[in-house]
$ cat entry.csv   # CSV, C-alpha atoms
chain,number,residue,atom,x,y,z
X,22,MET,CA,71.0,246.1,184.9
X,23,SER,CA,69.6,245.4,181.4
X,24,LYS,CA,71.5,248.3,179.9
X,25,ALA,CA,74.8,246.7,180.9
X,26,LEU,CA,74.0,243.4,179.3
X,27,ARG,CA,74.9,242.3,175.8
X,28,LEU,CA,72.0,242.1,173.3
X,29,SER,CA,72.1,238.3,173.1
X,30,GLU,CA,72.4,238.1,176.9
X,31,LYS,CA,69.2,240.2,177.2
X,32,TRP,CA,67.3,237.8,175.1
X,33,PHE,CA,68.7,234.8,177.0
X,34,GLN,CA,67.6,236.5,180.2
X,35,ARG,CA,64.1,237.0,178.8
X,36,GLY,CA,64.0,233.4,177.6
X,37,LEU,CA,65.0,232.2,181.0
X,38,TRP,CA,62.3,234.2,182.7
X,39,LEU,CA,59.9,232.6,180.3
X,40,VAL,CA,61.2,229.2,181.4
X,41,ALA,CA,60.7,230.3,185.0
X,42,LEU,CA,57.1,231.3,184.3
X,43,VAL,CA,56.3,228.1,182.3
X,44,PHE,CA,57.8,226.0,185.0
X,45,ALA,CA,55.8,227.8,187.6
X,46,GLY,CA,52.6,227.3,185.5
X,47,PHE,CA,53.0,223.6,185.3
X,48,LEU,CA,53.8,223.4,189.0
X,49,ILE,CA,50.7,225.5,189.8
X,50,GLY,CA,48.6,223.2,187.6
X,51,LEU,CA,49.8,220.1,189.4
X,52,GLY,CA,49.5,221.8,192.8
X,53,SER,CA,45.9,222.9,192.1
X,54,THR,CA,45.0,219.4,191.0
X,55,ILE,CA,46.4,217.9,194.2
X,56,VAL,CA,44.8,220.6,196.5
X,57,GLY,CA,41.5,220.2,194.7
X,58,ASP,CA,41.5,216.5,195.4
X,59,LEU,CA,42.3,216.9,199.1
X,60,PRO,CA,38.6,217.1,200.2
X,61,ARG,CA,38.1,213.7,198.7
X,62,VAL,CA,40.2,212.3,201.5
X,63,GLU,CA,37.3,213.0,203.9
X,64,ALA,CA,34.0,211.3,203.4
X,65,THR,CA,31.2,213.7,202.5
X,66,ARG,CA,28.8,214.1,205.4
X,67,SER,CA,25.1,215.0,205.1
X,68,LEU,CA,22.6,216.2,207.6
X,69,GLU,CA,20.8,212.8,207.6
X,70,ASP,CA,23.9,211.2,209.0
X,71,PHE,CA,23.1,212.9,212.3
X,72,MET,CA,19.3,212.2,212.3
X,73,ASP,CA,17.5,209.2,213.9
X,74,PRO,CA,17.5,206.6,211.0
X,75,ALA,CA,14.2,204.9,212.0
X,76,ALA,CA,12.3,208.2,212.4
X,77,THR,CA,13.9,209.7,209.3
X,78,ALA,CA,13.0,206.6,207.2
X,79,LYS,CA,9.4,206.7,208.6
X,80,ALA,CA,9.1,210.4,207.8
X,81,HIS,CA,10.3,209.8,204.2
X,82,ALA,CA,8.0,206.9,203.8
X,83,ASP,CA,5.0,208.9,205.1
X,84,MET,CA,5.9,211.8,202.7
X,85,LYS,CA,6.2,209.4,199.8
X,86,GLN,CA,2.9,207.7,200.6
X,87,ALA,CA,1.2,211.1,201.1
X,88,GLU,CA,2.6,212.3,197.7
X,89,GLN,CA,1.2,209.3,196.0
X,90,ALA,CA,-2.1,209.7,197.7
X,91,GLU,CA,-2.1,213.4,196.7
X,92,ARG,CA,-1.4,212.6,193.1
X,93,ALA,CA,-4.2,210.0,193.0
X,94,ALA,CA,-6.6,212.3,194.7
X,95,THR,CA,-5.7,215.1,192.3
X,96,ASP,CA,-6.4,212.8,189.3
X,97,ALA,CA,-9.7,211.6,190.8
X,98,LEU,CA,-10.7,215.1,191.6
X,99,GLU,CA,-10.1,216.2,188.0
X,100,GLN,CA,-12.3,213.4,186.8
X,101,ALA,CA,-15.0,214.1,189.3
X,102,GLN,CA,-15.0,217.8,188.5
X,103,LEU,CA,-15.3,217.0,184.8
X,104,LYS,CA,-18.3,214.6,185.5
X,105,GLN,CA,-19.9,217.3,187.7
X,106,LYS,CA,-19.5,219.8,184.9
X,107,VAL,CA,-21.1,217.5,182.4
X,108,ALA,CA,-23.9,216.7,184.8
X,109,ALA,CA,-24.5,220.4,185.5
X,110,SER,CA,-24.5,221.1,181.8
X,111,ASP,CA,-27.1,218.3,181.2
X,112,VAL,CA,-29.3,219.6,184.0
X,113,SER,CA,-29.1,223.2,182.6
X,114,THR,CA,-30.0,222.0,179.1
X,115,ALA,CA,-32.8,219.8,180.3
X,116,ARG,CA,-34.2,222.6,182.5
X,117,ASP,CA,-34.2,225.1,179.7
X,118,SER,CA,-35.9,222.6,177.4
X,119,PHE,CA,-38.5,221.8,180.2
X,120,ASN,CA,-39.2,225.5,180.8
X,121,ASN,CA,-39.7,226.1,177.1
X,122,TRP,CA,-42.0,223.0,176.9
X,123,ILE,CA,-44.0,224.2,179.9
X,124,ALA,CA,-44.5,227.6,178.4
X,125,THR,CA,-45.9,225.9,175.3
X,126,ARG,CA,-48.0,223.6,177.4
X,127,LYS,CA,-49.6,226.6,179.2
X,128,ALA,CA,-50.3,228.3,175.9
X,129,THR,CA,-52.1,225.3,174.5
X,130,GLU,CA,-53.6,223.9,177.7
X,131,ARG,CA,-54.0,220.4,176.1
X,132,ALA,CA,-55.0,217.8,178.7
X,133,GLU,CA,-53.4,214.9,176.8
X,134,GLN,CA,-50.0,216.4,177.5
X,135,ASP,CA,-50.2,215.9,181.3
X,136,PRO,CA,-48.4,212.5,181.2
X,137,GLU,CA,-45.6,214.0,179.2
X,138,VAL,CA,-45.3,216.7,181.9
X,139,ILE,CA,-44.8,214.0,184.5
X,140,SER,CA,-42.3,212.2,182.3
X,141,ARG,CA,-40.2,215.3,181.6
X,142,THR,CA,-40.3,216.2,185.3
X,143,GLN,CA,-39.0,212.8,186.2
X,144,ALA,CA,-36.2,213.0,183.6
X,145,LEU,CA,-35.2,216.4,185.0
X,146,ASP,CA,-35.2,215.0,188.5
X,147,THR,CA,-33.0,212.2,187.4
X,148,LEU,CA,-30.5,214.6,185.9
X,149,GLN,CA,-30.5,216.7,189.0
X,150,THR,CA,-29.9,213.6,191.1
X,151,ARG,CA,-26.9,212.7,188.9
X,152,GLU,CA,-25.6,216.2,189.3
X,153,ARG,CA,-25.8,216.0,193.1
X,154,GLN,CA,-24.0,212.7,193.0
X,155,ALA,CA,-21.2,214.2,190.9
X,156,ARG,CA,-20.9,217.1,193.2
X,157,ALA,CA,-20.8,214.7,196.2
X,158,GLU,CA,-18.0,212.7,194.4
X,159,THR,CA,-16.1,216.0,193.8
X,160,GLU,CA,-16.4,217.0,197.4
X,161,ARG,CA,-15.2,213.5,198.5
X,162,GLN,CA,-12.1,213.7,196.2
X,163,GLN,CA,-11.4,217.2,197.5
X,164,GLN,CA,-11.5,215.8,201.1
X,165,ARG,CA,-9.1,213.0,200.0
X,166,LEU,CA,-6.8,215.6,198.5
X,167,LEU,CA,-6.9,217.7,201.6
X,168,ASP,CA,-6.2,214.7,203.8
X,169,ALA,CA,-3.2,213.7,201.6
X,170,GLN,CA,-1.9,217.3,201.7
X,171,GLN,CA,-2.2,217.4,205.5
X,172,ALA,CA,-0.5,214.1,205.8
X,173,GLN,CA,2.4,215.3,203.6
X,174,GLN,CA,2.6,218.5,205.7
X,175,GLY,CA,2.7,216.5,208.9
X,176,ALA,CA,5.5,214.2,207.6
X,177,GLN,CA,7.4,217.3,206.5
X,178,ARG,CA,7.0,218.8,209.9
X,179,ASP,CA,8.3,215.6,211.5
X,180,LEU,CA,11.3,215.6,209.1
X,181,THR,CA,12.0,219.3,209.8
X,182,THR,CA,11.9,218.6,213.5
X,183,LEU,CA,14.5,215.8,213.0
X,184,GLU,CA,16.7,218.1,210.8
X,185,GLU,CA,16.6,220.9,213.4
X,186,ALA,CA,17.6,218.5,216.1
X,187,ALA,CA,20.6,217.4,214.0
X,188,GLN,CA,21.7,220.8,212.8
X,189,SER,CA,24.1,221.5,215.6
X,190,GLN,CA,25.9,218.2,215.4
X,191,TYR,CA,26.0,218.5,211.6
X,192,HIS,CA,27.6,221.9,211.7
X,193,GLU,CA,30.2,220.9,214.3
X,194,ALA,CA,31.2,217.9,212.2
X,195,LEU,CA,31.3,220.1,209.1
X,196,ARG,CA,33.6,222.6,210.8
X,197,ALA,CA,35.8,219.8,212.1
X,198,GLN,CA,36.0,218.4,208.5
X,199,GLU,CA,36.9,221.8,207.1
X,200,LEU,CA,39.6,222.2,209.7
X,201,ARG,CA,41.1,218.8,208.8
X,202,VAL,CA,41.0,219.7,205.1
X,203,PHE,CA,42.6,223.0,205.8
X,204,GLY,CA,45.3,221.2,207.8
X,205,TYR,CA,46.0,219.0,204.8
X,206,ARG,CA,46.4,222.1,202.7
X,207,LEU,CA,48.6,223.7,205.3
X,208,ALA,CA,50.7,220.6,205.6
X,209,LEU,CA,51.2,220.7,201.8
X,210,THR,CA,51.7,224.4,201.2
X,211,LEU,CA,53.7,225.5,204.3
X,212,PRO,CA,56.7,223.3,203.5
X,213,LEU,CA,56.6,224.6,200.0
X,214,LEU,CA,56.7,228.2,201.3
X,215,LEU,CA,59.6,227.4,203.6
X,216,VAL,CA,61.6,225.7,200.8
X,217,ALA,CA,60.8,228.7,198.6
X,218,GLY,CA,62.2,231.1,201.3
X,219,TRP,CA,65.3,229.0,201.6
X,220,LEU,CA,65.8,229.0,197.8
X,221,PHE,CA,65.2,232.7,197.6
X,222,LYS,CA,67.8,233.3,200.3
X,223,ARG,CA,70.5,230.9,199.0
X,224,HIS,CA,70.0,230.2,195.3
X,225,ARG,CA,68.0,233.0,193.7
X,226,GLN,CA,71.2,234.1,191.9
X,227,SER,CA,72.6,230.7,191.1
X,228,ARG,CA,73.0,229.3,187.6
X,229,TRP,CA,69.7,227.5,188.1
X,230,TRP,CA,67.7,230.6,189.0
X,231,PRO,CA,64.9,230.1,186.5
X,232,PHE,CA,63.8,226.9,188.2
X,233,VAL,CA,64.3,228.6,191.6
X,234,TRP,CA,62.1,231.5,190.7
X,235,GLY,CA,59.6,229.2,189.1
X,236,PHE,CA,59.3,227.3,192.3
X,237,ILE,CA,59.0,230.5,194.3
X,238,PHE,CA,56.1,231.7,192.2
X,239,PHE,CA,54.5,228.3,192.6
X,240,ALA,CA,54.9,228.4,196.4
X,241,LEU,CA,53.5,231.9,196.6
X,242,PHE,CA,50.5,231.0,194.5
X,243,ALA,CA,49.9,227.8,196.5
X,244,PHE,CA,49.9,229.8,199.8
X,245,PHE,CA,47.9,232.9,198.8
X,246,VAL,CA,45.5,231.2,196.4
X,247,GLU,CA,45.2,227.6,197.5
X,248,LEU,CA,45.5,228.1,201.2
X,249,VAL,CA,44.5,231.6,202.4
X,250,PRO,CA,40.9,231.6,200.9
X,251,TYR,CA,40.2,228.4,203.0
X,252,LEU,CA,41.5,229.9,206.2
X,253,PRO,CA,38.8,229.5,208.9
X,254,SER,CA,37.2,232.8,209.7
X,255,TYR,CA,35.3,232.4,213.0
X,256,GLY,CA,33.7,235.8,212.5
X,257,GLY,CA,36.9,237.3,211.0
X,258,TYR,CA,39.0,236.9,214.2
X,259,VAL,CA,41.3,234.2,212.8
X,260,ARG,CA,41.9,236.0,209.5
X,261,TYR,CA,42.6,239.3,211.1
X,262,ILE,CA,44.9,237.8,213.7
X,263,VAL,CA,46.8,235.8,211.0
X,264,GLY,CA,47.1,238.9,208.9
X,265,ILE,CA,48.5,240.9,211.9
X,266,VAL,CA,51.0,238.1,212.6
X,267,ILE,CA,52.1,237.8,209.0
X,268,THR,CA,52.4,241.6,208.7
X,269,ALA,CA,54.4,241.8,211.9
X,270,LEU,CA,56.8,239.1,210.8
X,271,VAL,CA,57.3,240.5,207.3
X,272,GLY,CA,57.6,244.0,208.8
X,273,ARG,CA,60.2,242.8,211.3
X,274,TRP,CA,62.1,241.1,208.6
X,275,ALA,CA,62.1,244.2,206.4
X,276,ILE,CA,63.2,246.4,209.3
X,277,VAL,CA,66.0,244.0,210.2
X,278,ALA,CA,67.0,243.7,206.6
X,279,LEU,CA,67.1,247.5,206.2
X,280,GLN,CA,69.2,247.9,209.3
X,281,ASN,CA,71.6,245.2,208.2
X,282,TYR,CA,71.8,246.8,204.8
X,283,LEU,CA,72.6,250.2,206.3
X,284,GLU,CA,75.3,248.6,208.5
X,285,ARG,CA,76.8,246.8,205.5
X,286,GLN,CA,76.8,250.1,203.6
X,287,ARG,CA,78.5,252.0,206.4
X,288,ALA,CA,81.1,249.2,206.7
X,289,VAL,CA,81.7,249.3,202.9
X,290,GLU,CA,81.9,253.0,202.8
X,291,ALA,CA,84.6,252.9,205.5
X,292,GLN,CA,86.8,250.7,203.4
X,293,PRO,CA,89.4,252.0,201.0
X,294,ASP,CA,88.3,252.9,197.5
X,295,LEU,CA,90.3,250.1,195.8
X,296,LEU,CA,88.9,247.5,198.1
X,297,ARG,CA,85.4,248.6,197.4
X,298,ARG,CA,86.0,248.5,193.7
X,299,ALA,CA,87.4,244.9,194.0
X,300,GLU,CA,84.1,243.8,195.6
X,301,LEU,CA,81.9,245.4,192.9
X,302,SER,CA,81.2,243.4,189.8
X,303,TYR,CA,81.5,245.1,186.4
X,304,ASP,CA,77.8,244.7,185.5
X,305,THR,CA,76.6,245.9,188.9
X,306,ALA,CA,78.7,249.0,188.7
X,307,LEU,CA,77.5,249.9,185.2
X,308,ALA,CA,73.9,249.1,186.1
X,309,ARG,CA,74.0,251.4,189.1
X,310,MET,CA,75.7,254.2,187.2
X,311,ALA,CA,73.1,253.8,184.5
X,312,LYS,CA,70.5,254.6,187.2
X,313,GLY,CA,72.3,257.7,188.2
X,314,VAL,CA,73.5,256.5,191.5
X,315,CYS,CA,77.0,255.9,193.0
X,316,PRO,CA,78.0,252.2,192.6
X,317,GLY,CA,79.5,252.3,196.1
X,318,CYS,CA,76.9,254.0,198.4
X,319,GLU,CA,73.9,253.9,196.0
X,320,ARG,CA,73.1,257.6,196.6
X,321,ALA,CA,72.0,259.8,193.7
X,322,VAL,CA,74.8,261.6,191.9
X,323,ASP,CA,74.5,264.0,188.9
X,324,LEU,CA,76.6,261.9,186.5
X,325,LYS,CA,75.9,264.2,183.6
X,326,ASN,CA,77.9,267.0,185.3
X,327,PRO,CA,81.4,266.9,183.7
X,328,GLY,CA,82.8,268.5,186.9
X,329,ILE,CA,81.9,265.5,189.1
X,330,ASP,CA,84.6,262.7,189.0
X,331,PHE,CA,84.1,261.5,192.6
X,332,CYS,CA,81.0,260.6,194.6
X,333,PRO,CA,80.3,263.5,196.9
X,334,HIS,CA,78.8,261.1,199.5
X,335,CYS,CA,81.5,258.4,199.9
X,336,GLY,CA,84.4,259.6,197.8
X,337,MET,CA,84.4,256.7,195.3
X,338,GLY,CA,86.0,257.6,192.0
X,339,LEU,CA,83.4,257.6,189.2
X,340,PHE,CA,85.3,259.0,186.3
X,341,ASN,CA,89.0,259.2,185.3
X,342,HIS,CA,91.1,259.9,182.3
X,343,CYS,CA,92.5,257.6,179.7
X,344,GLY,CA,96.3,257.2,180.2
X,345,VAL,CA,96.8,257.3,176.4
X,346,CYS,CA,94.5,260.0,175.0
X,347,ASP,CA,93.5,261.7,178.3
X,348,THR,CA,89.8,261.3,177.4
X,349,ARG,CA,87.4,261.5,180.4
X,350,LYS,CA,85.8,258.0,180.8
X,351,ASN,CA,83.9,255.9,183.2
X,352,ALA,CA,86.3,254.7,186.0
X,353,PHE,CA,84.8,251.2,185.8
X,354,SER,CA,85.2,250.8,182.0
X,355,HIS,CA,87.7,248.2,180.9
X,356,PHE,CA,88.6,250.2,177.7
X,357,CYS,CA,88.7,253.8,176.6
X,358,GLN,CA,85.7,254.8,174.5
X,359,ALA,CA,87.8,257.2,172.5
X,360,CYS,CA,90.9,255.3,171.6
X,361,GLY,CA,90.1,251.8,172.7
X,362,ALA,CA,93.2,251.5,175.0
X,363,PRO,CA,92.8,249.2,177.9
X,364,ALA,CA,92.3,250.8,181.3
X,365,ALA,CA,95.4,250.7,183.5
X,366,GLU,CA,95.4,248.7,186.7
X,367,PRO,CA,94.6,250.9,189.8
X,368,ASP,CA,97.6,252.2,191.7
X,369,ALA,CA,97.4,250.6,195.2
X,370,GLY,CA,99.9,253.1,196.5
X,371,ALA,CA,98.0,256.2,195.4
X,372,ALA,CA,97.6,258.8,198.2
X,373,PRO,CA,94.1,259.6,199.4
X,374,LEU,CA,92.6,263.0,198.7
X,375,PRO,CA,92.4,265.5,201.6
X,376,GLY,CA,89.4,264.8,203.8
X,377,ALA,CA,89.2,261.1,202.7
X,378,ALA,CA,91.2,259.9,205.7
X,379,ALA,CA,88.2,260.4,207.9
X,380,THR,CA,86.3,257.8,206.1
X,381,GLY,CA,89.3,255.6,205.1
X,382,THR,CA,88.5,255.9,201.4
X,383,VAL,CA,90.9,256.4,198.6
X,384,PRO,CA,89.1,257.8,195.6
X,385,GLY,CA,90.1,256.4,192.3
X,386,GLY,CA,92.6,258.5,190.4
X,387,ALA,CA,93.3,258.7,186.8
X,388,ASN,CA,94.3,255.0,186.6
X,389,ALA,CA,91.3,253.6,188.6
X,390,VAL,CA,89.3,250.8,187.0

$ encode --input "entry.csv" --output "structure tokens"
Amino acid sequence: MSKALRLSEKWFQRGLWLVALVFAGFLIGLGSTIVGDLPRVEATRSLEDFMDPAATAKAHADMKQAEQAERAATDALEQAQLKQKVAASDVSTARDSFNNWIATRKATERAEQDPEVISRTQALDTLQTRERQARAETERQQQRLLDAQQAQQGAQRDLTTLEEAAQSQYHEALRAQELRVFGYRLALTLPLLLVAGWLFKRHRQSRWWPFVWGFIFFALFAFFVELVPYLPSYGGYVRYIVGIVITALVGRWAIVALQNYLERQRAVEAQPDLLRRAELSYDTALARMAKGVCPGCERAVDLKNPGIDFCPHCGMGLFNHCGVCDTRKNAFSHFCQACGAPAAEPDAGAAPLPGAAATGTVPGGANAV
């Protein structure tokens, strides 16, 4: 078709397609915003909405209290362990000093040092007592930490039990909410798709076709991008069934459209040549011949063969000769490409070629347009 258009008309066509795409882009942006806000219509549900409020509050309070006790026990345990470490270091230092002093005492065997032996022994005993107290405090803080951890685990088990009991109700409510949101999307996108189908059938070739095609692109995007991914699956059954139904409907439409097209083509081919020419637009005829097909029956024809002036399939005249210079030219051209003379009007009373009576066609003669 583009080869039959004027240069400026080609650029206008491209500009209008750009308008259609830009229009579709803005519609898609608006539609995506609306569809994205649809889930806000429903209140967001959580698992705790289906749990016993009193038991849930008690479990959370117990967990919070246990966490606080655990933090306190951890801090106290660190302090106790530090004190135990210091006490153990003091005992070790005092014991080494005492052992060294005892070794010296045995070497000298001085009796006046016996009171000091007792004093050093008592000091070492005091340090060991302090170490034992520090160890006992550490063990007590470890017990507190263990109690807090066990209390936290118990509260967590209670909370887990409540969550498990509410899981089924929560998932059922979530599925129902998803179905409602999908229904909102369907109620929004399905009418758009129906309107797009009506526009495609009735107005796709109207003067406002850029906006028609822009709306069609928007409706297709809304259906296949904004709706289909949110289609409930139920293990894949729903999506496969919907896919089968859509494929069957589209396939049936394609088969019926093909049969109707073939019926129309047979009816057109049964008409006289002049009548078929009158129903063909100039641009359509040139576009089909540019593709190497007959403008009437749309079957392939070797148009480069100078010996072919008529379609061998339907008998439509494809080439004739100028009435002024006798140059062979396209039968649909309005002017001769050699001398520029206007093409003569077709002769309605021209006799059909032999064999054309069976189909009712009257191939174009030398004066056919």

$ closest_residue --input "entry.csv" --among "X:Ile49, X:Thr65, X:Trp38, X:Pro253" --to "Leu241 in chain X" --atoms "all atoms listed in the file"
X:Ile49

$ closest_atom_pairs --input "entry.csv" --of "range 240-294 of chain X" --to "range 332-350 of chain X" --cutoff "9 Å" --atoms "all atoms listed in the file" --output "CSV"
residue,atom,partner,partner_atom,distance
X:Glu290,CA,X:Cys335,CA,6.1
X:Ala291,CA,X:Cys335,CA,8.4
X:Pro293,CA,X:Met337,CA,8.9
X:Asp294,CA,X:Met337,CA,5.9

$ closest_residue --input "entry.csv" --among "X:Phe245, X:Phe238, X:Phe331, X:Phe232" --to "Val40 in chain X" --atoms "all atoms listed in the file"
X:Phe232

$ residues_around --input "entry.csv" --residues "Pro74 in chain X" --least-positions-apart "6" --cutoff "12 Å" --atoms "all atoms listed in the file" --output "ChimeraX atom specification"
/X:68,80-82,180,183-184,187

$ closest_residue --input "entry.csv" --among "X:Val216, X:Leu42, X:Leu295, X:Ala169" --to "Thr95 in chain X" --atoms "only C-alpha atoms"
X:Ala169

$ decode --input "entry.csv" --residues "range 343-355 of chain X" --atoms "N, CA and C atoms" --output "PDB file, in the first residue's frame"
ATOM      1  N   CYS X 343      -2.521   2.105 -24.444  1.00  0.00           N
ATOM      2  CA  CYS X 343      -2.966   3.499 -24.536  1.00  0.00           C
ATOM      3  C   CYS X 343      -3.677   3.722 -25.869  1.00  0.00           C
ATOM      4  N   GLY X 344      -4.798   4.421 -25.836  1.00  0.00           N
ATOM      5  CA  GLY X 344      -5.547   4.688 -27.053  1.00  0.00           C
ATOM      6  C   GLY X 344      -4.899   5.721 -27.953  1.00  0.00           C
ATOM      7  N   VAL X 345      -3.843   6.420 -27.439  1.00  0.00           N
ATOM      8  CA  VAL X 345      -3.172   7.454 -28.230  1.00  0.00           C
ATOM      9  C   VAL X 345      -1.865   6.927 -28.827  1.00  0.00           C
ATOM     10  N   CYS X 346      -0.990   6.373 -27.938  1.00  0.00           N
ATOM     11  CA  CYS X 346       0.323   5.926 -28.415  1.00  0.00           C
ATOM     12  C   CYS X 346       0.465   4.418 -28.448  1.00  0.00           C
ATOM     13  N   ASP X 347      -0.565   3.692 -28.051  1.00  0.00           N
ATOM     14  CA  ASP X 347      -0.585   2.231 -28.066  1.00  0.00           C
ATOM     15  C   ASP X 347       0.478   1.603 -27.159  1.00  0.00           C
ATOM     16  N   THR X 348       0.923   2.349 -26.145  1.00  0.00           N
ATOM     17  CA  THR X 348       1.890   1.798 -25.183  1.00  0.00           C
ATOM     18  C   THR X 348       1.171   0.885 -24.189  1.00  0.00           C
ATOM     19  N   ARG X 349       1.780  -0.265 -23.859  1.00  0.00           N
ATOM     20  CA  ARG X 349       1.203  -1.174 -22.869  1.00  0.00           C
ATOM     21  C   ARG X 349       1.336  -0.529 -21.489  1.00  0.00           C
ATOM     22  N   LYS X 350       0.221  -0.468 -20.782  1.00  0.00           N
ATOM     23  CA  LYS X 350       0.212   0.195 -19.483  1.00  0.00           C
ATOM     24  C   LYS X 350      -0.672  -0.563 -18.506  1.00  0.00           C
ATOM     25  N   ASN X 351      -0.576  -0.171 -17.246  1.00  0.00           N
ATOM     26  CA  ASN X 351      -1.415  -0.743 -16.195  1.00  0.00           C
ATOM     27  C   ASN X 351      -2.867  -0.383 -16.477  1.00  0.00           C
ATOM     28  N   ALA X 352      -3.739  -1.367 -16.446  1.00  0.00           N
ATOM     29  CA  ALA X 352      -5.135  -1.136 -16.772  1.00  0.00           C
ATOM     30  C   ALA X 352      -5.826  -0.246 -15.750  1.00  0.00           C
ATOM     31  N   PHE X 353      -5.222  -0.088 -14.558  1.00  0.00           N
ATOM     32  CA  PHE X 353      -5.846   0.726 -13.518  1.00  0.00           C
ATOM     33  C   PHE X 353      -5.269   2.135 -13.479  1.00  0.00           C
ATOM     34  N   SER X 354      -4.245   2.401 -14.279  1.00  0.00           N
ATOM     35  CA  SER X 354      -3.637   3.733 -14.287  1.00  0.00           C
ATOM     36  C   SER X 354      -4.602   4.743 -14.890  1.00  0.00           C
ATOM     37  N   HIS X 355      -4.591   5.941 -14.346  1.00  0.00           N
ATOM     38  CA  HIS X 355      -5.464   6.996 -14.856  1.00  0.00           C
ATOM     39  C   HIS X 355      -4.870   7.710 -16.065  1.00  0.00           C
TER      40      HIS X 355
END
